[in-house]
>>> print(open('model.cif').read())   # mmCIF, C-alpha atoms and all ligand atoms
data_final
loop_
_atom_site.group_PDB
_atom_site.id
_atom_site.type_symbol
_atom_site.label_atom_id
_atom_site.label_comp_id
_atom_site.auth_asym_id
_atom_site.auth_seq_id
_atom_site.Cartn_x
_atom_site.Cartn_y
_atom_site.Cartn_z
ATOM 1 C CA MET A 1327 49.611 35.713 -35.434
ATOM 2 C CA GLU A 1328 50.125 31.972 -35.028
ATOM 3 C CA GLU A 1329 47.303 29.866 -36.448
ATOM 4 C CA LYS A 1330 45.179 28.029 -33.884
ATOM 5 C CA ARG A 1331 45.692 24.255 -33.901
ATOM 6 C CA CYS A 1332 42.689 21.972 -34.219
ATOM 7 C CA ALA A 1333 42.147 18.574 -32.561
ATOM 8 C CA VAL A 1334 39.601 15.793 -32.950
ATOM 9 C CA VAL A 1335 39.047 13.635 -29.871
ATOM 10 C CA THR A 1336 36.915 10.506 -30.204
ATOM 11 C CA GLY A 1337 34.995 9.191 -27.186
ATOM 12 C CA GLY A 1338 35.261 12.722 -25.797
ATOM 13 C CA ASN A 1339 32.002 12.721 -23.882
ATOM 14 C CA LYS A 1340 33.360 11.131 -20.723
ATOM 15 C CA GLY A 1341 36.303 9.589 -18.915
ATOM 16 C CA ILE A 1342 39.816 10.185 -20.205
ATOM 17 C CA GLY A 1343 38.562 11.536 -23.554
ATOM 18 C CA PHE A 1344 36.602 14.291 -21.820
ATOM 19 C CA GLU A 1345 39.633 15.282 -19.782
ATOM 20 C CA ILE A 1346 41.889 15.271 -22.883
ATOM 21 C CA CYS A 1347 39.434 17.733 -24.464
ATOM 22 C CA ARG A 1348 39.605 19.932 -21.366
ATOM 23 C CA GLN A 1349 43.409 19.932 -21.194
ATOM 24 C CA LEU A 1350 43.845 20.546 -24.935
ATOM 25 C CA ALA A 1351 41.384 23.449 -24.832
ATOM 26 C CA LEU A 1352 43.315 24.936 -21.921
ATOM 27 C CA ASN A 1353 46.375 24.783 -24.191
ATOM 28 C CA ASN A 1354 44.512 26.997 -26.651
ATOM 29 C CA ILE A 1355 43.775 24.142 -29.046
ATOM 30 C CA GLN A 1356 40.471 24.242 -30.920
ATOM 31 C CA VAL A 1357 38.869 20.944 -29.872
ATOM 32 C CA ILE A 1358 36.230 19.030 -31.784
ATOM 33 C CA LEU A 1359 34.802 16.796 -29.083
ATOM 34 C CA THR A 1360 33.209 13.819 -30.790
ATOM 35 C CA ALA A 1361 30.888 11.214 -29.323
ATOM 36 C CA ARG A 1362 28.748 8.557 -30.915
ATOM 37 C CA ASN A 1363 25.689 9.725 -29.017
ATOM 38 C CA GLU A 1364 24.647 13.267 -29.869
ATOM 39 C CA SER A 1365 22.967 14.185 -26.593
ATOM 40 C CA ARG A 1366 25.842 12.793 -24.496
ATOM 41 C CA GLY A 1367 28.290 14.805 -26.641
ATOM 42 C CA ILE A 1368 26.333 18.052 -26.392
ATOM 43 C CA GLU A 1369 26.004 17.603 -22.625
ATOM 44 C CA ALA A 1370 29.775 17.117 -22.380
ATOM 45 C CA VAL A 1371 30.487 20.356 -24.265
ATOM 46 C CA LYS A 1372 28.026 22.191 -21.998
ATOM 47 C CA LYS A 1373 29.816 20.770 -18.984
ATOM 48 C CA LEU A 1374 33.231 21.892 -20.325
ATOM 49 C CA ASN A 1375 31.911 25.358 -21.021
ATOM 50 C CA GLY A 1376 30.506 25.411 -17.483
ATOM 51 C CA LEU A 1377 34.066 24.829 -16.261
ATOM 52 C CA GLY A 1378 34.974 28.254 -17.597
ATOM 53 C CA LEU A 1379 36.797 27.265 -20.795
ATOM 54 C CA PRO A 1380 36.843 29.828 -23.579
ATOM 55 C CA ILE A 1381 33.555 28.852 -25.260
ATOM 56 C CA PRO A 1382 34.681 28.555 -28.903
ATOM 57 C CA ASN A 1383 37.558 26.287 -27.880
ATOM 58 C CA VAL A 1384 35.382 23.161 -27.694
ATOM 59 C CA ILE A 1385 32.662 22.238 -30.130
ATOM 60 C CA PHE A 1386 30.753 19.015 -30.666
ATOM 61 C CA HIS A 1387 30.476 16.796 -33.709
ATOM 62 C CA GLN A 1388 28.873 13.366 -33.779
ATOM 63 C CA LEU A 1389 31.120 10.419 -34.633
ATOM 64 C CA ASP A 1390 30.561 6.720 -34.119
ATOM 65 C CA ILE A 1391 33.899 5.192 -34.996
ATOM 66 C CA GLN A 1392 32.160 1.929 -35.907
ATOM 67 C CA ASP A 1393 29.790 3.581 -38.346
ATOM 68 C CA PRO A 1394 31.359 4.325 -41.760
ATOM 69 C CA THR A 1395 28.469 6.642 -42.659
ATOM 70 C CA SER A 1396 29.309 9.064 -39.837
ATOM 71 C CA MET A 1397 32.877 9.722 -41.099
ATOM 72 C CA PRO A 1398 32.190 11.838 -44.238
ATOM 73 C CA HIS A 1399 30.109 14.307 -42.166
ATOM 74 C CA LEU A 1400 33.004 14.929 -39.794
ATOM 75 C CA VAL A 1401 35.514 15.227 -42.646
ATOM 76 C CA GLN A 1402 33.316 17.790 -44.392
ATOM 77 C CA PHE A 1403 32.768 19.700 -41.138
ATOM 78 C CA ILE A 1404 36.532 20.024 -40.541
ATOM 79 C CA LYS A 1405 37.196 21.008 -44.177
ATOM 80 C CA THR A 1406 34.526 23.711 -44.058
ATOM 81 C CA HIS A 1407 35.397 25.222 -40.681
ATOM 82 C CA PHE A 1408 39.110 24.574 -40.143
ATOM 83 C CA LYS A 1409 40.521 23.445 -43.518
ATOM 84 C CA LYS A 1410 43.026 21.073 -41.862
ATOM 85 C CA LEU A 1411 43.510 18.943 -38.766
ATOM 86 C CA ASP A 1412 46.509 19.058 -36.407
ATOM 87 C CA ILE A 1413 45.752 16.458 -33.731
ATOM 88 C CA LEU A 1414 43.781 13.220 -33.740
ATOM 89 C CA ALA A 1415 43.322 11.511 -30.342
ATOM 90 C CA LEU A 1416 41.552 8.172 -30.556
ATOM 91 C CA LEU A 1417 39.771 6.618 -27.608
ATOM 92 C CA GLU A 1418 37.116 3.969 -27.495
ATOM 93 C CA GLN A 1419 35.879 1.282 -25.240
ATOM 94 C CA LEU A 1420 33.744 -1.826 -25.439
ATOM 95 C CA VAL A 1421 30.416 -0.608 -24.139
ATOM 96 C CA ASP A 1422 26.781 -1.293 -24.959
ATOM 97 C CA GLU A 1423 24.373 1.096 -26.642
ATOM 98 C CA ASN A 1424 23.326 2.559 -23.286
ATOM 99 C CA GLY A 1425 26.903 3.388 -22.462
ATOM 100 C CA ASP A 1426 27.234 0.573 -19.926
ATOM 101 C CA ILE A 1427 30.322 -1.575 -19.888
ATOM 102 C CA LEU A 1428 29.541 -4.879 -21.534
ATOM 103 C CA PRO A 1429 30.002 -7.942 -19.436
ATOM 104 C CA GLY A 1430 32.777 -8.769 -21.936
ATOM 105 C CA VAL A 1431 35.193 -8.389 -19.075
ATOM 106 C CA SER A 1432 33.631 -11.232 -17.137
ATOM 107 C CA GLU A 1433 31.722 -13.226 -19.772
ATOM 108 C CA GLN A 1434 32.916 -12.925 -23.325
ATOM 109 C CA THR A 1435 30.567 -14.134 -26.051
ATOM 110 C CA TYR A 1436 31.745 -14.444 -29.650
ATOM 111 C CA GLU A 1437 29.601 -11.434 -30.636
ATOM 112 C CA MET A 1438 31.348 -9.319 -28.004
ATOM 113 C CA VAL A 1439 34.741 -10.475 -29.232
ATOM 114 C CA GLU A 1440 33.873 -9.402 -32.778
ATOM 115 C CA GLU A 1441 32.392 -6.129 -31.534
ATOM 116 C CA CYS A 1442 35.528 -5.335 -29.578
ATOM 117 C CA LEU A 1443 37.799 -5.796 -32.609
ATOM 118 C CA LYS A 1444 35.406 -3.821 -34.804
ATOM 119 C CA THR A 1445 35.495 -0.866 -32.423
ATOM 120 C CA ASN A 1446 38.978 -0.837 -30.947
ATOM 121 C CA TYR A 1447 40.920 -1.855 -34.044
ATOM 122 C CA TYR A 1448 38.859 -1.326 -37.189
ATOM 123 C CA GLY A 1449 37.086 1.766 -35.820
ATOM 124 C CA THR A 1450 40.400 3.429 -35.012
ATOM 125 C CA LYS A 1451 41.779 2.478 -38.406
ATOM 126 C CA ARG A 1452 38.735 3.827 -40.251
ATOM 127 C CA VAL A 1453 38.951 7.213 -38.513
ATOM 128 C CA THR A 1454 42.694 7.410 -39.112
ATOM 129 C CA GLU A 1455 42.349 6.659 -42.825
ATOM 130 C CA ALA A 1456 39.580 9.240 -43.231
ATOM 131 C CA LEU A 1457 41.436 12.007 -41.409
ATOM 132 C CA VAL A 1458 45.012 11.498 -42.632
ATOM 133 C CA PRO A 1459 44.462 13.709 -45.712
ATOM 134 C CA LEU A 1460 43.438 16.596 -43.421
ATOM 135 C CA LEU A 1461 46.318 15.891 -41.037
ATOM 136 C CA GLN A 1462 48.697 16.095 -43.985
ATOM 137 C CA LEU A 1463 47.629 19.719 -44.470
ATOM 138 C CA SER A 1464 48.902 20.585 -40.972
ATOM 139 C CA LYS A 1465 52.408 21.886 -40.219
ATOM 140 C CA SER A 1466 52.667 19.693 -37.103
ATOM 141 C CA PRO A 1467 50.306 16.716 -37.314
ATOM 142 C CA ARG A 1468 49.994 14.237 -34.433
ATOM 143 C CA ILE A 1469 48.055 10.996 -33.996
ATOM 144 C CA VAL A 1470 47.625 9.637 -30.475
ATOM 145 C CA ASN A 1471 46.135 6.183 -30.031
ATOM 146 C CA ILE A 1472 45.023 5.465 -26.495
ATOM 147 C CA THR A 1473 46.179 1.963 -25.764
ATOM 148 C CA SER A 1474 46.628 -0.094 -22.619
ATOM 149 C CA VAL A 1475 49.347 -1.942 -20.801
ATOM 150 C CA SER A 1476 47.249 -4.994 -21.789
ATOM 151 C CA GLY A 1477 48.438 -4.410 -25.365
ATOM 152 C CA LEU A 1478 52.064 -5.267 -24.638
ATOM 153 C CA LEU A 1479 53.424 -8.175 -26.687
ATOM 154 C CA SER A 1480 54.184 -10.123 -23.511
ATOM 155 C CA HIS A 1481 50.439 -10.825 -23.311
ATOM 156 C CA ILE A 1482 50.562 -12.948 -26.489
ATOM 157 C CA PRO A 1483 51.736 -16.474 -25.572
ATOM 158 C CA ASN A 1484 52.305 -17.508 -29.235
ATOM 159 C CA ASP A 1485 55.956 -16.642 -29.943
ATOM 160 C CA LYS A 1486 55.514 -16.648 -33.734
ATOM 161 C CA PHE A 1487 52.715 -14.055 -33.599
ATOM 162 C CA LYS A 1488 54.713 -12.054 -31.096
ATOM 163 C CA GLU A 1489 57.765 -11.979 -33.380
ATOM 164 C CA GLU A 1490 55.687 -11.091 -36.437
ATOM 165 C CA LEU A 1491 53.970 -8.233 -34.621
ATOM 166 C CA ASP A 1492 57.296 -6.871 -33.437
ATOM 167 C CA ASP A 1493 58.927 -7.094 -36.878
ATOM 168 C CA ILE A 1494 57.654 -3.739 -38.130
ATOM 169 C CA ASP A 1495 59.875 -3.755 -41.230
ATOM 170 C CA ASN A 1496 58.035 -6.808 -42.567
ATOM 171 C CA LEU A 1497 54.609 -6.560 -40.917
ATOM 172 C CA THR A 1498 51.713 -5.363 -43.105
ATOM 173 C CA GLU A 1499 48.134 -4.274 -42.437
ATOM 174 C CA GLU A 1500 47.003 -7.304 -44.462
ATOM 175 C CA ARG A 1501 48.922 -9.623 -42.121
ATOM 176 C CA ILE A 1502 47.242 -7.974 -39.115
ATOM 177 C CA ASP A 1503 43.870 -8.621 -40.802
ATOM 178 C CA GLU A 1504 44.814 -12.275 -41.254
ATOM 179 C CA MET A 1505 45.835 -12.582 -37.611
ATOM 180 C CA ILE A 1506 42.549 -11.017 -36.534
ATOM 181 C CA GLN A 1507 40.715 -13.633 -38.602
ATOM 182 C CA LEU A 1508 42.764 -16.390 -36.951
ATOM 183 C CA PHE A 1509 41.973 -14.960 -33.536
ATOM 184 C CA LEU A 1510 38.247 -14.783 -34.334
ATOM 185 C CA ARG A 1511 38.266 -18.330 -35.676
ATOM 186 C CA ASP A 1512 40.018 -19.595 -32.528
ATOM 187 C CA SER A 1513 37.655 -17.641 -30.266
ATOM 188 C CA LYS A 1514 34.676 -19.244 -31.979
ATOM 189 C CA ALA A 1515 36.181 -22.729 -31.878
ATOM 190 C CA ASP A 1516 37.299 -22.386 -28.258
ATOM 191 C CA LYS A 1517 40.935 -22.821 -29.303
ATOM 192 C CA LEU A 1518 42.492 -19.725 -27.742
ATOM 193 C CA ARG A 1519 44.755 -21.668 -25.390
ATOM 194 C CA GLU A 1520 45.721 -24.233 -28.023
ATOM 195 C CA ASN A 1521 46.846 -21.577 -30.501
ATOM 196 C CA GLY A 1522 48.599 -19.281 -28.060
ATOM 197 C CA TRP A 1523 46.203 -16.353 -27.666
ATOM 198 C CA PRO A 1524 45.466 -14.538 -24.437
ATOM 199 C CA LEU A 1525 42.566 -16.161 -22.643
ATOM 200 C CA ALA A 1526 39.109 -14.861 -21.746
ATOM 201 C CA PRO A 1527 37.732 -12.895 -19.964
ATOM 202 C CA ALA A 1528 39.640 -10.030 -21.600
ATOM 203 C CA SER A 1529 41.253 -11.730 -24.597
ATOM 204 C CA ALA A 1530 39.489 -9.570 -27.196
ATOM 205 C CA TYR A 1531 40.384 -6.328 -25.415
ATOM 206 C CA THR A 1532 43.997 -7.484 -25.048
ATOM 207 C CA VAL A 1533 44.473 -8.485 -28.699
ATOM 208 C CA SER A 1534 42.654 -5.351 -29.918
ATOM 209 C CA LYS A 1535 45.239 -3.232 -28.107
ATOM 210 C CA VAL A 1536 48.155 -5.427 -29.272
ATOM 211 C CA PHE A 1537 46.991 -4.938 -32.881
ATOM 212 C CA LEU A 1538 46.399 -1.233 -32.270
ATOM 213 C CA ASN A 1539 49.997 -0.863 -31.069
ATOM 214 C CA ALA A 1540 51.289 -2.671 -34.164
ATOM 215 C CA TYR A 1541 49.111 -0.442 -36.382
ATOM 216 C CA THR A 1542 50.485 2.643 -34.608
ATOM 217 C CA ARG A 1543 54.012 1.549 -35.498
ATOM 218 C CA LEU A 1544 53.033 0.814 -39.114
ATOM 219 C CA MET A 1545 51.454 4.266 -39.460
ATOM 220 C CA ALA A 1546 54.523 5.921 -37.917
ATOM 221 C CA LYS A 1547 56.670 4.153 -40.518
ATOM 222 C CA LYS A 1548 54.326 5.027 -43.378
ATOM 223 C CA PHE A 1549 54.219 8.725 -42.403
ATOM 224 C CA GLN A 1550 57.821 9.015 -41.247
ATOM 225 C CA ASN A 1551 58.926 12.680 -41.078
ATOM 226 C CA LYS A 1552 55.336 13.701 -41.894
ATOM 227 C CA ILE A 1553 53.075 12.748 -38.965
ATOM 228 C CA LEU A 1554 54.087 11.856 -35.399
ATOM 229 C CA VAL A 1555 52.072 8.727 -34.576
ATOM 230 C CA ASN A 1556 52.281 7.280 -31.067
ATOM 231 C CA CYS A 1557 50.287 5.242 -28.590
ATOM 232 C CA VAL A 1558 49.843 5.932 -24.904
ATOM 233 C CA HIS A 1559 48.806 3.813 -21.940
ATOM 234 C CA PRO A 1560 47.090 6.306 -19.626
ATOM 235 C CA GLY A 1561 47.666 4.253 -16.455
ATOM 236 C CA LEU A 1562 44.868 2.849 -14.327
ATOM 237 C CA VAL A 1563 42.449 5.750 -14.377
ATOM 238 C CA LYS A 1564 39.269 6.301 -12.415
ATOM 239 C CA THR A 1565 36.526 6.034 -15.076
ATOM 240 C CA ASP A 1566 33.476 3.884 -15.793
ATOM 241 C CA MET A 1567 35.740 1.449 -17.604
ATOM 242 C CA SER A 1568 37.954 0.839 -14.573
ATOM 243 C CA LEU A 1569 34.873 0.667 -12.333
ATOM 244 C CA ASN A 1570 36.148 3.860 -10.744
ATOM 245 C CA SER A 1571 39.495 2.650 -9.502
ATOM 246 C CA GLY A 1572 42.809 4.309 -10.232
ATOM 247 C CA VAL A 1573 44.161 7.826 -10.499
ATOM 248 C CA HIS A 1574 42.130 10.933 -11.262
ATOM 249 C CA VAL A 1575 41.457 11.582 -14.978
ATOM 250 C CA SER A 1576 43.603 14.725 -14.833
ATOM 251 C CA GLU A 1577 46.600 12.409 -14.254
ATOM 252 C CA GLY A 1578 45.435 9.858 -16.843
ATOM 253 C CA ALA A 1579 45.124 12.481 -19.574
ATOM 254 C CA LYS A 1580 48.646 13.830 -19.044
ATOM 255 C CA GLY A 1581 50.373 11.240 -21.272
ATOM 256 C CA PRO A 1582 47.916 11.522 -24.193
ATOM 257 C CA VAL A 1583 48.004 15.337 -24.035
ATOM 258 C CA MET A 1584 51.787 15.334 -23.938
ATOM 259 C CA ALA A 1585 51.843 13.078 -27.039
ATOM 260 C CA ALA A 1586 49.355 15.400 -28.763
ATOM 261 C CA LEU A 1587 51.561 18.422 -28.089
ATOM 262 C CA LEU A 1588 54.945 16.870 -28.919
ATOM 263 C CA PRO A 1589 57.440 19.218 -30.560
ATOM 264 C CA ASP A 1590 58.292 18.667 -34.237
ATOM 265 C CA ASP A 1591 61.464 16.755 -33.337
ATOM 266 C CA GLY A 1592 59.519 14.487 -30.957
ATOM 267 C CA PRO A 1593 59.443 10.687 -31.215
ATOM 268 C CA SER A 1594 57.155 8.728 -33.522
ATOM 269 C CA GLY A 1595 56.156 5.065 -33.475
ATOM 270 C CA VAL A 1596 56.674 4.734 -29.731
ATOM 271 C CA TYR A 1597 54.656 3.480 -26.776
ATOM 272 C CA PHE A 1598 54.314 5.813 -23.824
ATOM 273 C CA ASP A 1599 53.533 4.344 -20.437
ATOM 274 C CA GLN A 1600 51.812 7.502 -19.221
ATOM 275 C CA THR A 1601 54.460 10.137 -19.993
ATOM 276 C CA GLN A 1602 57.498 7.836 -20.327
ATOM 277 C CA ILE A 1603 58.631 5.997 -23.465
ATOM 278 C CA ALA A 1604 58.581 2.260 -22.736
ATOM 279 C CA SER A 1605 58.992 -1.050 -24.568
ATOM 280 C CA PHE A 1606 56.235 -2.543 -26.754
ATOM 281 C CA LYS A 1607 57.146 -5.904 -25.187
HETATM 282 N N1 LIG B 1701 40.439 3.804 -17.436
HETATM 283 C C1 LIG B 1701 41.535 3.083 -17.453
HETATM 284 O O1 LIG B 1701 42.056 2.680 -16.391
HETATM 285 C C2 LIG B 1701 42.209 2.731 -18.765
HETATM 286 C C3 LIG B 1701 43.384 1.975 -18.708
HETATM 287 C C4 LIG B 1701 44.019 1.662 -19.913
HETATM 288 C C5 LIG B 1701 43.500 2.107 -21.109
HETATM 289 N N2 LIG B 1701 42.343 2.834 -21.130
HETATM 290 C C6 LIG B 1701 41.844 3.279 -22.444
HETATM 291 O O2 LIG B 1701 41.417 4.627 -22.377
HETATM 292 C C7 LIG B 1701 40.394 4.857 -23.338
HETATM 293 C C8 LIG B 1701 39.249 5.596 -22.688
HETATM 294 O O3 LIG B 1701 38.762 4.826 -21.648
HETATM 295 P P1 LIG B 1701 38.001 5.438 -20.374
HETATM 296 O O4 LIG B 1701 38.584 4.792 -19.191
HETATM 297 O O5 LIG B 1701 37.947 6.912 -20.466
HETATM 298 O O6 LIG B 1701 36.572 4.781 -20.620
HETATM 299 P P2 LIG B 1701 35.096 5.362 -20.575
HETATM 300 O O7 LIG B 1701 34.961 6.408 -19.525
HETATM 301 O O8 LIG B 1701 34.249 4.140 -20.501
HETATM 302 O O9 LIG B 1701 34.942 6.076 -22.014
HETATM 303 C C9 LIG B 1701 34.939 5.354 -23.203
HETATM 304 C C10 LIG B 1701 34.561 6.283 -24.333
HETATM 305 O O10 LIG B 1701 34.588 5.584 -25.586
HETATM 306 C C11 LIG B 1701 33.405 5.922 -26.302
HETATM 307 N N3 LIG B 1701 33.029 4.954 -27.339
HETATM 308 C C12 LIG B 1701 32.740 3.646 -27.216
HETATM 309 N N4 LIG B 1701 32.399 3.114 -28.390
HETATM 310 C C13 LIG B 1701 32.488 4.122 -29.295
HETATM 311 C C14 LIG B 1701 32.238 4.226 -30.688
HETATM 312 N N5 LIG B 1701 31.851 3.182 -31.408
HETATM 313 N N6 LIG B 1701 32.446 5.422 -31.307
HETATM 314 C C15 LIG B 1701 32.863 6.492 -30.604
HETATM 315 N N7 LIG B 1701 33.096 6.471 -29.270
HETATM 316 C C16 LIG B 1701 32.897 5.304 -28.634
HETATM 317 C C17 LIG B 1701 32.372 6.013 -25.197
HETATM 318 O O11 LIG B 1701 31.214 6.657 -25.653
HETATM 319 P P3 LIG B 1701 29.766 6.350 -24.975
HETATM 320 O O12 LIG B 1701 29.682 7.215 -23.751
HETATM 321 O O13 LIG B 1701 28.798 6.709 -26.040
HETATM 322 O O14 LIG B 1701 29.746 4.901 -24.632
HETATM 323 C C18 LIG B 1701 33.141 6.838 -24.176
HETATM 324 O O15 LIG B 1701 33.158 8.188 -24.530
HETATM 325 C C19 LIG B 1701 40.027 3.491 -23.928
HETATM 326 O O16 LIG B 1701 40.663 3.373 -25.182
HETATM 327 C C20 LIG B 1701 40.621 2.499 -22.924
HETATM 328 O O17 LIG B 1701 40.979 1.286 -23.544
HETATM 329 C C21 LIG B 1701 41.674 3.161 -19.983
#
>>> encode(input="model.cif", output="structure tokens")
Amino acid sequence: MEEKRCAVVTGGNKGIGFEICRQLALNNIQVILTARNESRGIEAVKKLNGLGLPIPNVIFHQLDIQDPTSMPHLVQFIKTHFKKLDILALLEQLVDENGDILPGVSEQTYEMVEECLKTNYYGTKRVTEALVPLLQLSKSPRIVNITSVSGLLSHIPNDKFKEELDDIDNLTEERIDEMIQLFLRDSKADKLRENGWPLAPASAYTVSKVFLNAYTRLMAKKFQNKILVNCVHPGLVKTDMSLNSGVHVSEGAKGPVMAALLPDDGPSGVYFDQTQIASFK
């Protein structure tokens, strides 16, 4: 009998993450729905089970991608119960501790800018680094980073940064860290326009997704022929983040789920605009 595949979905308690959990479970994947808030996560699993999914297909484990102390618990949980990991789908969003969208979209303070990079870029990176060893034990490992059309390189006015971020053969994680520091410095000093960064109100979100895309490509190169690593823009999807405009989540989850279930000869290091491969520019 074929072994059941196991997926971790971050930010699985609502929105697109919740729907990715539902669709993966319907594909007979064992889903570990993670959420930073335990009660919101448990509620989400109850809701999925109420939708008639086979009950053992979705289980909850707490994970705050910003909190390094929550990672070892998840790693140990997967080792104990499943021994390896097949799919990692990473979603996050700049929200406050009550789950409300921060006014970062309309008024962006320096603290919010920092917070956004810490969650969207460094949080994703931390989870990836912690779970790669378990993914390497899978026969068909996949990493899916949920990005945005905002993360296309065309949103970076500075041509030098744009070229560097597109030059995957020479780009390094250290150089991305340096660019993040430059961006933070310019945000603080009100020099975003002068130094060719995207402007507020959504500059931090935009650069976090640009850097996430570059990191996706670096990881695809690093794990070439070992792990398929891709990023997906889900489209404009009706969730709290989009203030409930856009397509239904069942549509928005299609691209990420497709990337999670790619065949072994599928692409790696690409950007999907929903279900279609598109340019990073
Ligand atoms: N909706 C769209 O139109 C759209 C378009 C392009 C890209 N996206 C991308 O799609 C992804 C999901 O967005 P969505 O629309 O589904 O938004 P959403 O409904 O607001 O969900 C965001 C999820 O991220 C979780 N999260 C936030 N900070 C976290 C942390 N530190 N650790 C773990 N989880 C955390 C939230 O948990 P809490 O409930 O605890 O806050 C929530 O589950 C995001 O990466 C977003 O950038 C969405």
>>> closest_atom_pairs(input="model.cif", of="region 1439-1502 of chain A", to="region 1520-1524 of chain A", cutoff="6 Å", atoms="all atoms listed in the file", output="tab-separated table")
residue	atom	partner	partner_atom	distance
A:Ile1482	CA	A:Trp1523	CA	5.7
A:Pro1483	CA	A:Gly1522	CA	4.9
A:Asn1484	CA	A:Gly1522	CA	4.3
>>> residues_around(input="model.cif", residues="region 1534-1547 of chain A", least_positions_apart="4", cutoff="8 Å", atoms="all atoms listed in the file", output="ChimeraX atom specification")
/A:1442-1443,1446-1447,1471,1473-1474,1476-1479,1491-1492,1494,1497-1499,1502,1530,1553-1557,1594-1597,1606
>>> residues_near_ligand(input="model.cif", ligand="ligand LIG 1701 (chain B)", cutoff="6 Å", atoms="only C-alpha atoms and all ligand atoms", output="PyMOL selection string")
chain A and resi 1336-1343+1361-1363+1389-1392+1417-1421+1425+1445+1472-1474+1559-1568
>>> residues_around(input="model.cif", residues="region 1503-1519 of chain A", least_positions_apart="6", cutoff="8 Å", atoms="only C-alpha atoms", output="CSV table (one decimal) with C-alpha atoms, in the coordinates of the input")
chain,number,residue,atom,x,y,z
A,1436,TYR,CA,31.7,-14.4,-29.6
A,1439,VAL,CA,34.7,-10.5,-29.2
A,1440,GLU,CA,33.9,-9.4,-32.8
A,1525,LEU,CA,42.6,-16.2,-22.6
>>> atom_distance(input="model.cif", atom1="CA of Asn1375 (chain A)", atom2="CA of Glu1329 (chain A)")
22.3 Å
